[in-house]
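upload_11.txt follows; it contains compact mmCIF, C-alpha atoms.
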# COMPACT_ATOMS: atom_id res chain seq x y z
CA MET A 359 68.56 -55.24 -32.73
CA VAL A 360 68.33 -52.91 -29.79
CA PHE A 361 70.16 -49.67 -29.30
CA VAL A 362 71.73 -49.54 -25.88
CA LEU A 363 74.46 -47.58 -24.24
CA SER A 364 73.73 -49.27 -20.98
CA GLY A 365 74.40 -52.93 -21.55
CA GLY A 366 70.95 -54.30 -22.26
CA ALA A 367 68.70 -53.36 -19.33
CA SER A 368 66.24 -50.54 -19.89
CA GLU A 369 67.14 -47.28 -18.24
CA GLY A 370 65.40 -46.74 -14.96
CA ALA A 371 65.34 -50.43 -14.26
CA LYS A 372 68.01 -51.18 -11.70
CA ARG A 373 71.17 -50.56 -13.62
CA MET A 374 74.52 -52.16 -13.47
CA SER A 375 77.41 -49.76 -13.11
CA ALA A 376 79.37 -49.30 -16.28
CA ALA A 377 82.18 -51.38 -14.81
CA GLU A 378 79.86 -54.34 -14.12
CA GLN A 379 78.63 -54.63 -17.66
CA THR A 380 79.79 -57.48 -19.78
CA PRO A 381 81.43 -56.76 -23.08
CA GLY A 382 80.32 -58.25 -26.37
CA ASP A 383 76.58 -57.85 -25.97
CA ASP A 384 74.53 -58.24 -29.13
CA THR A 385 74.31 -54.57 -30.04
CA PRO A 386 76.00 -52.99 -33.04
CA TRP A 387 77.55 -50.72 -30.50
CA GLY A 388 79.09 -53.63 -28.63
CA GLU A 389 80.46 -55.03 -31.85
CA VAL A 390 82.18 -51.96 -33.18
CA THR A 391 83.45 -50.25 -30.06
CA PRO A 392 86.13 -51.38 -27.67
CA GLU A 393 84.70 -52.14 -24.25
CA ALA A 394 86.54 -49.29 -22.55
CA ALA A 395 85.22 -46.75 -25.05
CA ARG A 396 81.70 -48.09 -24.55
CA ARG A 397 81.99 -47.85 -20.76
CA LEU A 398 83.06 -44.24 -21.16
CA LEU A 399 80.02 -43.49 -23.30
CA VAL A 400 77.68 -45.05 -20.73
CA ALA A 401 79.36 -43.00 -17.99
CA ALA A 402 79.12 -39.82 -20.08
CA VAL A 403 75.38 -40.34 -20.71
CA ASP A 404 74.78 -40.75 -16.99
CA ALA A 405 76.86 -37.70 -16.07
CA PHE A 406 75.38 -35.44 -18.76
CA ALA A 407 71.83 -36.50 -17.86
CA GLU A 408 72.38 -35.98 -14.15
CA ARG A 409 74.37 -32.75 -14.10
CA GLY A 410 74.21 -31.36 -17.64
CA TYR A 411 76.97 -31.24 -20.24
CA HIS A 412 78.60 -28.04 -18.99
CA ALA A 413 78.77 -29.15 -15.36
CA THR A 414 80.45 -32.44 -16.28
CA THR A 415 84.22 -32.79 -16.61
CA THR A 416 86.13 -35.53 -18.41
CA ARG A 417 87.51 -36.39 -14.96
CA ASP A 418 83.93 -37.03 -13.72
CA ILE A 419 83.28 -39.30 -16.70
CA ALA A 420 86.52 -41.24 -16.29
CA GLY A 421 85.76 -41.68 -12.57
CA ARG A 422 82.27 -43.04 -13.24
CA ALA A 423 83.77 -45.50 -15.71
CA GLY A 424 86.40 -46.58 -13.16
CA MET A 425 89.19 -45.23 -15.34
CA SER A 426 91.84 -42.53 -15.16
CA PRO A 427 91.55 -39.27 -17.11
CA ALA A 428 94.59 -40.41 -19.12
CA ALA A 429 92.81 -43.64 -20.06
CA LEU A 430 89.78 -41.64 -21.21
CA TYR A 431 92.02 -39.52 -23.41
CA ILE A 432 93.13 -42.61 -25.37
CA HIS A 433 89.54 -42.98 -26.61
CA TYR A 434 88.16 -39.44 -26.66
CA LYS A 435 90.22 -36.27 -27.01
CA THR A 436 87.52 -33.96 -25.68
CA LYS A 437 84.23 -33.95 -23.79
CA GLU A 438 82.58 -32.67 -26.95
CA GLU A 439 83.77 -35.76 -28.82
CA LEU A 440 81.92 -37.92 -26.28
CA LEU A 441 78.76 -35.86 -26.68
CA HIS A 442 79.04 -36.04 -30.45
CA ARG A 443 79.39 -39.82 -30.35
CA ILE A 444 76.33 -40.17 -28.10
CA SER A 445 74.34 -37.78 -30.26
CA ALA A 446 75.37 -39.51 -33.51
CA ILE A 447 74.44 -42.96 -32.17
CA GLY A 448 71.07 -41.68 -30.91
CA HIS A 449 70.22 -39.86 -34.11
CA ASP A 450 71.33 -42.80 -36.27
CA LYS A 451 69.02 -45.01 -34.25
CA ALA A 452 66.11 -42.57 -34.55
CA LEU A 453 66.61 -42.39 -38.30
CA GLU A 454 66.80 -46.16 -38.58
CA ILE A 455 63.55 -46.58 -36.63
CA LEU A 456 61.67 -44.07 -38.75
CA GLN A 457 63.07 -45.17 -42.12
CA THR A 458 62.38 -48.82 -41.34
CA ALA A 459 58.76 -47.92 -40.62
CA ALA A 460 58.46 -45.70 -43.69
CA ASP A 461 59.92 -48.44 -45.94
CA GLY A 462 57.87 -51.21 -44.36
CA PRO A 463 54.83 -53.02 -45.76
CA GLY A 464 51.26 -51.95 -45.29
CA THR A 465 49.11 -48.87 -45.66
CA ALA A 466 50.25 -45.39 -44.67
CA ALA A 467 48.22 -45.76 -41.46
CA GLU A 468 49.97 -49.03 -40.63
CA ARG A 469 53.41 -47.57 -41.32
CA LEU A 470 52.68 -44.41 -39.32
CA THR A 471 51.50 -46.62 -36.45
CA ALA A 472 54.73 -48.63 -36.63
CA ALA A 473 56.84 -45.45 -36.70
CA VAL A 474 55.14 -43.90 -33.68
CA ARG A 475 55.09 -47.09 -31.60
CA SER A 476 58.76 -47.76 -32.19
CA PHE A 477 59.90 -44.14 -31.80
CA VAL A 478 57.93 -43.72 -28.56
CA ARG A 479 59.22 -47.00 -27.19
CA TRP A 480 62.81 -45.90 -27.75
CA HIS A 481 62.25 -42.52 -26.05
CA ALA A 482 60.57 -44.25 -23.09
CA GLU A 483 62.99 -47.15 -22.63
CA ARG A 484 66.10 -45.04 -23.24
CA HIS A 485 64.81 -41.82 -21.68
CA THR A 486 68.12 -40.94 -20.03
CA THR A 487 70.06 -41.31 -23.27
CA ALA A 488 67.28 -39.63 -25.23
CA ARG A 489 67.32 -36.56 -22.99
CA VAL A 490 71.03 -36.06 -23.63
CA VAL A 491 70.52 -36.67 -27.36
CA GLN A 492 67.59 -34.23 -27.56
CA TYR A 493 68.57 -31.50 -25.10
CA GLU A 494 72.31 -30.97 -25.57
CA LEU A 495 72.39 -30.10 -29.27
CA ASP A 496 73.57 -26.57 -28.51
CA ALA A 497 76.69 -27.93 -26.84
CA LEU A 498 77.93 -29.60 -30.04
CA GLY A 499 80.67 -27.92 -32.04
CA ALA A 500 79.58 -26.24 -35.28
CA GLU A 501 80.67 -29.04 -37.60
CA HIS A 502 79.15 -31.79 -35.48
CA ARG A 503 75.98 -29.81 -35.10
CA THR A 504 75.65 -29.51 -38.88
CA GLU A 505 76.07 -33.28 -39.22
CA ILE A 506 73.41 -33.98 -36.55
CA VAL A 507 70.96 -31.46 -37.99
CA ALA A 508 71.26 -33.30 -41.33
CA LEU A 509 70.33 -36.58 -39.59
CA ARG A 510 67.35 -34.85 -37.97
CA ARG A 511 66.18 -33.56 -41.37
CA ARG A 512 66.29 -37.12 -42.72
CA SER A 513 64.22 -38.39 -39.76
CA ASP A 514 61.71 -35.64 -40.40
CA ALA A 515 61.64 -36.58 -44.10
CA ALA A 516 60.86 -40.23 -43.30
CA VAL A 517 57.76 -39.27 -41.32
CA ARG A 518 56.73 -36.63 -43.83
CA ARG A 519 56.95 -39.23 -46.58
CA ILE A 520 54.47 -41.53 -44.79
CA ILE A 521 52.07 -38.62 -44.25
CA ASN A 522 52.43 -37.47 -47.86
CA GLU A 523 51.66 -40.96 -49.11
CA GLY A 524 48.62 -41.21 -46.83
CA VAL A 525 47.30 -37.91 -48.13
CA ALA A 526 47.94 -38.95 -51.74
CA SER A 527 46.09 -42.24 -51.25
CA GLY A 528 43.18 -40.52 -49.51
CA GLU A 529 43.80 -42.30 -46.20
CA PHE A 530 44.81 -39.08 -44.41
CA ASP A 531 43.42 -35.57 -44.34
CA VAL A 532 46.24 -33.18 -43.39
CA PRO A 533 46.06 -29.46 -44.23
CA ASP A 534 49.60 -28.69 -42.97
CA ILE A 535 51.94 -31.60 -43.70
CA PRO A 536 55.24 -30.06 -42.48
CA GLY A 537 53.58 -28.74 -39.30
CA THR A 538 51.87 -32.04 -38.58
CA THR A 539 55.13 -33.94 -39.16
CA LEU A 540 56.85 -31.65 -36.66
CA ALA A 541 54.05 -32.16 -34.13
CA VAL A 542 54.12 -35.96 -34.45
CA LEU A 543 57.87 -36.11 -33.87
CA SER A 544 57.67 -33.56 -31.05
CA LEU A 545 54.95 -35.54 -29.26
CA CYS A 546 57.11 -38.68 -29.37
CA ILE A 547 60.34 -36.93 -28.37
CA ASP A 548 58.78 -35.32 -25.29
CA VAL A 549 58.13 -38.81 -23.90
CA ALA A 550 61.80 -38.77 -22.85
CA ARG A 551 61.09 -35.78 -20.59
CA TRP A 552 58.11 -37.15 -18.67
CA PHE A 553 58.44 -40.93 -18.88
CA ASP A 554 58.91 -42.56 -15.51
CA SER A 555 59.95 -46.21 -15.39
CA ALA A 556 58.13 -46.50 -12.07
CA GLY A 557 54.96 -44.94 -13.51
CA ARG A 558 51.69 -46.56 -14.52
CA ARG A 559 52.29 -46.95 -18.23
CA THR A 560 54.80 -49.23 -19.95
CA PRO A 561 56.67 -48.03 -23.03
CA ASP A 562 54.45 -50.27 -25.17
CA GLU A 563 51.27 -48.83 -23.68
CA VAL A 564 52.42 -45.28 -24.33
CA GLY A 565 53.36 -46.30 -27.87
CA ALA A 566 49.90 -47.78 -28.50
CA LEU A 567 48.10 -44.72 -27.08
CA TYR A 568 50.27 -42.33 -29.08
CA ALA A 569 49.82 -44.27 -32.32
CA ASP A 570 46.05 -43.91 -31.86
CA LEU A 571 46.35 -40.17 -31.15
CA VAL A 572 48.62 -39.64 -34.16
CA LEU A 573 46.19 -41.45 -36.48
CA ARG A 574 43.55 -39.03 -35.24
CA MET A 575 45.90 -36.08 -35.90
CA VAL A 576 46.19 -37.12 -39.56
CA GLY A 577 42.46 -37.65 -39.91
CA ALA A 578 42.64 -41.45 -39.96
CA GLY A 579 41.14 -42.03 -36.51
CA PRO A 580 37.65 -43.32 -35.71
CA LYS A 581 34.97 -41.57 -37.78
CA MET B 927 48.64 -9.47 -18.41
CA VAL B 928 51.83 -11.02 -19.68
CA PHE B 929 54.29 -13.14 -17.77
CA VAL B 930 57.80 -11.87 -18.34
CA LEU B 931 61.08 -12.29 -16.68
CA SER B 932 62.75 -10.30 -19.42
CA GLY B 933 61.20 -6.87 -19.34
CA GLY B 934 58.52 -7.16 -22.00
CA ALA B 935 60.20 -8.22 -25.23
CA SER B 936 59.74 -11.82 -26.31
CA GLU B 937 62.71 -14.05 -25.81
CA GLY B 938 64.79 -14.45 -28.92
CA ALA B 939 63.91 -10.96 -30.08
CA LYS B 940 66.85 -8.65 -29.47
CA ARG B 941 66.92 -8.43 -25.71
CA MET B 942 67.92 -5.67 -23.41
CA SER B 943 70.48 -6.67 -20.83
CA ALA B 944 69.01 -7.03 -17.37
CA ALA B 945 70.67 -3.77 -16.35
CA GLU B 946 69.00 -1.83 -19.19
CA GLN B 947 65.49 -2.84 -18.28
CA THR B 948 63.20 -0.31 -16.76
CA PRO B 949 61.56 -1.09 -13.46
CA GLY B 950 57.84 -0.90 -12.88
CA ASP B 951 56.65 -2.59 -16.05
CA ASP B 952 53.06 -3.73 -16.09
CA THR B 953 53.62 -7.31 -15.01
CA PRO B 954 52.60 -8.76 -11.66
CA TRP B 955 56.21 -9.66 -11.35
CA GLY B 956 57.30 -6.02 -11.77
CA GLU B 957 54.80 -4.95 -9.15
CA VAL B 958 55.71 -7.38 -6.41
CA THR B 959 59.44 -7.76 -6.76
CA PRO B 960 62.16 -5.21 -6.16
CA GLU B 961 63.96 -4.36 -9.36
CA ALA B 962 67.26 -5.86 -8.21
CA ALA B 963 65.62 -9.20 -7.36
CA ARG B 964 63.90 -9.21 -10.72
CA ARG B 965 67.17 -8.51 -12.55
CA LEU B 966 68.72 -11.45 -10.73
CA LEU B 967 65.90 -13.74 -11.84
CA VAL B 968 66.33 -12.67 -15.46
CA ALA B 969 70.07 -13.30 -15.20
CA ALA B 970 69.48 -16.70 -13.57
CA VAL B 971 67.09 -17.79 -16.35
CA ASP B 972 69.66 -16.85 -18.98
CA ALA B 973 72.50 -18.61 -17.16
CA PHE B 974 70.52 -21.80 -16.41
CA ALA B 975 69.23 -21.97 -19.99
CA GLU B 976 72.68 -21.46 -21.49
CA ARG B 977 74.83 -23.61 -19.22
CA GLY B 978 72.41 -25.67 -17.12
CA TYR B 979 71.64 -25.28 -13.42
CA HIS B 980 74.59 -27.29 -12.12
CA ALA B 981 77.18 -25.45 -14.24
CA THR B 982 75.95 -22.04 -13.05
CA THR B 983 77.27 -20.35 -9.90
CA THR B 984 75.65 -17.54 -7.94
CA ARG B 985 78.72 -15.53 -8.91
CA ASP B 986 77.86 -16.05 -12.62
CA ILE B 987 74.31 -14.87 -11.97
CA ALA B 988 75.35 -11.81 -10.00
CA GLY B 989 77.86 -10.91 -12.73
CA ARG B 990 75.22 -11.15 -15.46
CA ALA B 991 72.97 -8.87 -13.42
CA GLY B 992 75.79 -6.37 -12.93
CA MET B 993 75.81 -7.00 -9.19
CA SER B 994 78.19 -8.39 -6.58
CA PRO B 995 77.71 -11.85 -5.04
CA ALA B 996 77.03 -10.08 -1.73
CA ALA B 997 74.22 -8.05 -3.33
CA LEU B 998 72.70 -11.25 -4.72
CA TYR B 999 72.74 -12.78 -1.26
CA ILE B 1000 70.48 -10.00 0.07
CA HIS B 1001 67.71 -11.29 -2.22
CA TYR B 1002 68.41 -15.01 -2.56
CA LYS B 1003 70.26 -17.16 -0.07
CA THR B 1004 70.99 -19.98 -2.49
CA LYS B 1005 71.04 -20.83 -6.16
CA GLU B 1006 68.22 -23.29 -5.49
CA GLU B 1007 66.07 -20.44 -4.14
CA LEU B 1008 66.47 -18.66 -7.49
CA LEU B 1009 65.49 -21.80 -9.39
CA HIS B 1010 62.52 -22.32 -7.13
CA ARG B 1011 61.31 -18.75 -7.69
CA ILE B 1012 61.63 -19.14 -11.49
CA SER B 1013 59.88 -22.50 -11.38
CA ALA B 1014 57.06 -21.23 -9.14
CA ILE B 1015 56.41 -18.19 -11.35
CA GLY B 1016 56.40 -20.33 -14.49
CA HIS B 1017 54.14 -22.98 -13.03
CA ASP B 1018 51.77 -20.37 -11.58
CA LYS B 1019 51.51 -18.81 -15.02
CA ALA B 1020 50.88 -22.19 -16.68
CA LEU B 1021 48.15 -22.95 -14.17
CA GLU B 1022 46.56 -19.52 -14.66
CA ILE B 1023 46.53 -19.98 -18.45
CA LEU B 1024 44.91 -23.40 -18.27
CA GLN B 1025 42.40 -22.59 -15.52
CA THR B 1026 41.33 -19.39 -17.28
CA ALA B 1027 40.64 -21.43 -20.40
CA ALA B 1028 38.85 -24.18 -18.47
CA ASP B 1029 36.65 -21.64 -16.64
CA GLY B 1030 35.95 -19.57 -19.74
CA PRO B 1031 32.78 -19.39 -21.81
CA GLY B 1032 31.95 -21.62 -24.73
CA THR B 1033 31.84 -25.26 -25.62
CA ALA B 1034 34.46 -27.76 -24.51
CA ALA B 1035 36.00 -27.54 -27.99
CA GLU B 1036 36.22 -23.75 -27.73
CA ARG B 1037 37.77 -23.92 -24.28
CA LEU B 1038 40.27 -26.61 -25.29
CA THR B 1039 41.21 -24.47 -28.29
CA ALA B 1040 41.77 -21.47 -26.00
CA ALA B 1041 43.86 -23.55 -23.59
CA VAL B 1042 46.12 -24.96 -26.31
CA ARG B 1043 46.57 -21.66 -28.16
CA SER B 1044 47.49 -19.80 -25.01
CA PHE B 1045 49.69 -22.55 -23.53
CA VAL B 1046 51.57 -23.00 -26.83
CA ARG B 1047 52.01 -19.24 -27.23
CA TRP B 1048 53.61 -19.02 -23.79
CA HIS B 1049 56.00 -21.91 -24.47
CA ALA B 1050 56.97 -20.36 -27.82
CA GLU B 1051 57.33 -16.72 -26.72
CA ARG B 1052 59.05 -17.58 -23.43
CA HIS B 1053 60.93 -20.64 -24.65
CA THR B 1054 64.11 -19.83 -22.72
CA THR B 1055 62.24 -19.46 -19.44
CA ALA B 1056 60.03 -22.43 -20.24
CA ARG B 1057 63.02 -24.71 -20.81
CA VAL B 1058 64.37 -23.89 -17.35
CA VAL B 1059 60.90 -24.33 -15.85
CA GLN B 1060 60.35 -27.68 -17.59
CA TYR B 1061 63.81 -29.27 -17.58
CA GLU B 1062 65.32 -28.40 -14.20
CA LEU B 1063 62.71 -29.94 -11.90
CA ASP B 1064 65.19 -32.53 -10.62
CA ALA B 1065 67.44 -29.77 -9.31
CA LEU B 1066 64.78 -28.47 -6.90
CA GLY B 1067 65.03 -29.36 -3.23
CA ALA B 1068 62.58 -31.97 -1.96
CA GLU B 1069 60.13 -29.52 -0.40
CA HIS B 1070 60.10 -27.17 -3.38
CA ARG B 1071 59.74 -30.08 -5.73
CA THR B 1072 56.66 -31.28 -3.86
CA GLU B 1073 55.13 -27.79 -4.13
CA ILE B 1074 55.83 -27.60 -7.88
CA VAL B 1075 54.51 -31.10 -8.53
CA ALA B 1076 51.26 -30.03 -6.84
CA LEU B 1077 50.99 -27.06 -9.24
CA ARG B 1078 51.60 -29.40 -12.17
CA ARG B 1079 48.82 -31.71 -10.98
CA ARG B 1080 46.43 -28.76 -10.88
CA SER B 1081 47.39 -27.77 -14.45
CA ASP B 1082 46.80 -31.33 -15.54
CA ALA B 1083 43.42 -31.29 -13.77
CA ALA B 1084 42.31 -28.13 -15.61
CA VAL B 1085 42.88 -29.74 -19.01
CA ARG B 1086 41.39 -33.05 -17.89
CA ARG B 1087 38.27 -31.19 -16.75
CA ILE B 1088 37.73 -29.69 -20.22
CA ILE B 1089 38.18 -33.09 -21.84
CA ASN B 1090 35.87 -34.75 -19.32
CA GLU B 1091 33.18 -32.17 -19.99
CA GLY B 1092 33.56 -32.60 -23.75
CA VAL B 1093 33.16 -36.35 -23.40
CA ALA B 1094 30.14 -35.92 -21.11
CA SER B 1095 28.45 -33.54 -23.58
CA GLY B 1096 29.19 -35.84 -26.51
CA GLU B 1097 31.48 -33.30 -28.22
CA PHE B 1098 34.58 -35.46 -27.72
CA ASP B 1099 35.35 -39.13 -28.16
CA VAL B 1100 38.30 -40.02 -25.89
CA PRO B 1101 38.93 -43.62 -24.78
CA ASP B 1102 41.86 -42.72 -22.47
CA ILE B 1103 41.23 -39.35 -20.79
CA PRO B 1104 44.30 -39.25 -18.47
CA GLY B 1105 46.60 -40.40 -21.28
CA THR B 1106 45.16 -37.91 -23.76
CA THR B 1107 45.45 -35.09 -21.20
CA LEU B 1108 49.11 -35.96 -20.71
CA ALA B 1109 49.70 -36.04 -24.47
CA VAL B 1110 48.03 -32.65 -25.03
CA LEU B 1111 50.15 -30.98 -22.35
CA SER B 1112 53.28 -32.77 -23.54
CA LEU B 1113 52.76 -31.64 -27.13
CA CYS B 1114 52.45 -28.01 -25.99
CA ILE B 1115 55.40 -28.16 -23.57
CA ASP B 1116 57.77 -29.54 -26.19
CA VAL B 1117 57.29 -26.35 -28.20
CA ALA B 1118 59.81 -24.78 -25.79
CA ARG B 1119 62.44 -27.27 -27.01
CA TRP B 1120 62.12 -26.75 -30.76
CA PHE B 1121 60.66 -23.27 -31.16
CA ASP B 1122 62.99 -20.90 -32.98
CA SER B 1123 62.17 -17.19 -32.96
CA ALA B 1124 63.92 -16.92 -36.33
CA GLY B 1125 61.91 -19.83 -37.76
CA ARG B 1126 59.04 -19.82 -40.23
CA ARG B 1127 56.15 -20.03 -37.77
CA THR B 1128 55.01 -17.39 -35.28
CA PRO B 1129 53.83 -18.42 -31.80
CA ASP B 1130 50.25 -17.68 -32.89
CA GLU B 1131 50.57 -19.86 -35.97
CA VAL B 1132 51.91 -22.77 -33.94
CA GLY B 1133 49.08 -22.24 -31.44
CA ALA B 1134 46.46 -22.35 -34.21
CA LEU B 1135 47.95 -25.49 -35.79
CA TYR B 1136 48.22 -27.25 -32.43
CA ALA B 1137 44.65 -26.34 -31.42
CA ASP B 1138 43.47 -27.99 -34.66
CA LEU B 1139 45.59 -31.10 -34.02
CA VAL B 1140 44.38 -31.36 -30.42
CA LEU B 1141 40.71 -31.14 -31.48
CA ARG B 1142 41.44 -34.06 -33.79
CA MET B 1143 43.10 -35.97 -30.91
CA VAL B 1144 39.88 -35.68 -28.86
CA GLY B 1145 37.70 -36.70 -31.79
CA ALA B 1146 36.31 -33.21 -32.44
CA GLY B 1147 38.19 -32.51 -35.66
CA PRO B 1148 36.80 -32.55 -39.20
CA LYS B 1149 34.65 -35.61 -39.87

Once you've parsed the file, please lay out its structure as structure tokens.
Amino acid sequence: MVFVLSGGASEGAKRMSAAEQTPGDDTPWGEVTPEAARRLLVAAVDAFAERGYHATTTRDIAGRAGMSPAALYIHYKTKEELLHRISAIGHDKALEILQTAADGPGTAAERLTAAVRSFVRWHAERHTTARVVQYELDALGAEHRTEIVALRRRSDAAVRRIINEGVASGEFDVPDIPGTTLAVLSLCIDVARWFDSAGRRTPDEVGALYADLVLRMVGAGPK
Amino acid sequence: MVFVLSGGASEGAKRMSAAEQTPGDDTPWGEVTPEAARRLLVAAVDAFAERGYHATTTRDIAGRAGMSPAALYIHYKTKEELLHRISAIGHDKALEILQTAADGPGTAAERLTAAVRSFVRWHAERHTTARVVQYELDALGAEHRTEIVALRRRSDAAVRRIINEGVASGEFDVPDIPGTTLAVLSLCIDVARWFDSAGRRTPDEVGALYADLVLRMVGAGPK
């Protein structure tokens, strides 16, 4: 199961326009959302990433999706509603990635490795979406912001749980568990800022490097 | 010597408006730039951080600085020129911080600690400026972007030099030096995204935690 707003191809790879994408792909997103609404979300991600939330109008978004402003309004009443939808999908996916790793089999080191690899891979492959998800929180309305902050706290808790368990079992040596949890997530999130699809490292390679660095951060690296 | 665009107080602390700030503070910036030009830069940082570069007009910036658009034009011909000035000052400061640490006395571990503490402190204390500096690179014109990318490469080289020297002396154990250099800088830069002046940790505390985590990343942490 892959989270995509862009129809299957990784961002940065040559992308189809929203209008060229086929409906009914195998994502949960494709299943639950009418095709027109999905096209509008893809267009909104592109516009917000390129120009910023405040410089984007609903007219811009409708135009990118090959639709009229009136057609957009059928699906989303406001620009903020589009941002909220994008943010909720992104944060749900982040939480799913981290909880799946935390609940998985294996030692704390194996589960932390799985969490970092998967979280990094998402931020690299979906860097355009991830930038909107991570950088436009301040543009959300108060109620939506509260909802998203709660999702972020649960993501944080999933990673903290793995680290706690590693400390309890003696695998990890971590003097500041909340601070180290924050740093691990921060390291992974910033991949969305610098990752370049045309660069030397693939998402998987960055994930493998970062998993090694994070094991060192928790005192489970090479002795 | 402290880099400020905001007249001395840390960002997030109660700030004076640009118009209230006294000229001739003890920053290099205060010395070399006429007060009106400096006020415009402070106003531009605030506007870009709040609304994004593309949603900000030169009229907005002039208004925030208590000046007319015509008065702005005396100092800066375009909005991009303002962004370039902000970016150049920020990147010069980053380079100075990292080169000072790399050239300083002490072991590689001591110099890497100094680099991380100082770089983190800047991204925490000046998080508003740092976000503009780090997130609006794509809005620079081609020539300015090339200049800024060159400064970034030199910052990267300063950190890589410390890590190289630590590996050569046997202090550090780092299988992937370029990748680890990137991760160290990335971890510090992302502080600008999440740091909250009203939060539990001071810039110095984050710097101390991150220096410890980075020593672990290079294999020089507790054994």

Restrict the distance test to only C-alpha atoms, flag each residue of chain B within 9 Å of chain A, and return the flagged residues as number ranges by chain.
-> B: 976-982, 1060-1061, 1064-1065, 1099, 1102, 1105-1106, 1109-1110, 1112-1117, 1119-1120, 1132, 1135-1136, 1138-1145, 1147-1149

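Using all atoms listed in the file, the protein and nucleic acid residues lying at most 10 Å from the point (76.5, -16.6, -13.5) are Leu966, Ala969, Ala970, Val971, Asp972, Ala973, Phe974, Arg977, Tyr979, Ala981, Thr982, Thr983, Thr984, Arg985, Asp986, Ile987, Ala988, Gly989, Arg990, Ala991 and Pro995 of chain B.
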
To test the calculation: enclose all listed atoms of range 468-484 of chain A in a box whose edges run along x, y and z, add 3 Å on each side, then state centre and edge lengths in Å to one decimal, as AutoDock Vina command-line options.
--center_x 58.0 --center_y -45.8 --center_z -32.0 --size_x 22.1 --size_y 12.5 --size_z 24.7

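The space between CA of Ser1044 in chain B and CA of Leu1077 in chain B spans 17.7 Å.
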
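The gap separating CA of Asp1018 in chain B from CA of Leu998 in chain B is 23.8 Å, in Å to one decimal.
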
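Going from CA of Leu453 in chain A to CA of Leu495 in chain A covers 16.3 Å.
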
Contact residues around Leu399 in chain A with only C-alpha atoms at 8 Å, ignoring same-chain residues under 2 positions, as a CSV table (one decimal) with C-alpha atoms, in the coordinates of the input:
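Listing of around.csv after writing:
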chain,number,residue,atom,x,y,z
A,363,LEU,CA,74.5,-47.6,-24.2
A,395,ALA,CA,85.2,-46.8,-25.0
A,396,ARG,CA,81.7,-48.1,-24.6
A,397,ARG,CA,82.0,-47.8,-20.8
A,401,ALA,CA,79.4,-43.0,-18.0
A,402,ALA,CA,79.1,-39.8,-20.1
A,403,VAL,CA,75.4,-40.3,-20.7
A,440,LEU,CA,81.9,-37.9,-26.3
A,443,ARG,CA,79.4,-39.8,-30.4
A,444,ILE,CA,76.3,-40.2,-28.1

Hey, what's within 7 Å of Thr1107 in chain B if we count only C-alpha atoms and toss same-chain stuff fewer than 4 positions away? As a PyMOL selection string, please?
-> chain B and resi 1082+1085-1086+1103+1111

Just C-alpha atoms for this one: save the residues we selected as a compact mmCIF listing (two decimals), in the coordinates of the input.
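Resulting contents of out-v4.txt:
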# COMPACT_ATOMS: atom_id res chain seq x y z
CA ASP B 1082 46.80 -31.33 -15.54
CA VAL B 1085 42.88 -29.74 -19.01
CA ARG B 1086 41.39 -33.05 -17.89
CA ILE B 1103 41.23 -39.35 -20.79
CA LEU B 1111 50.15 -30.98 -22.35
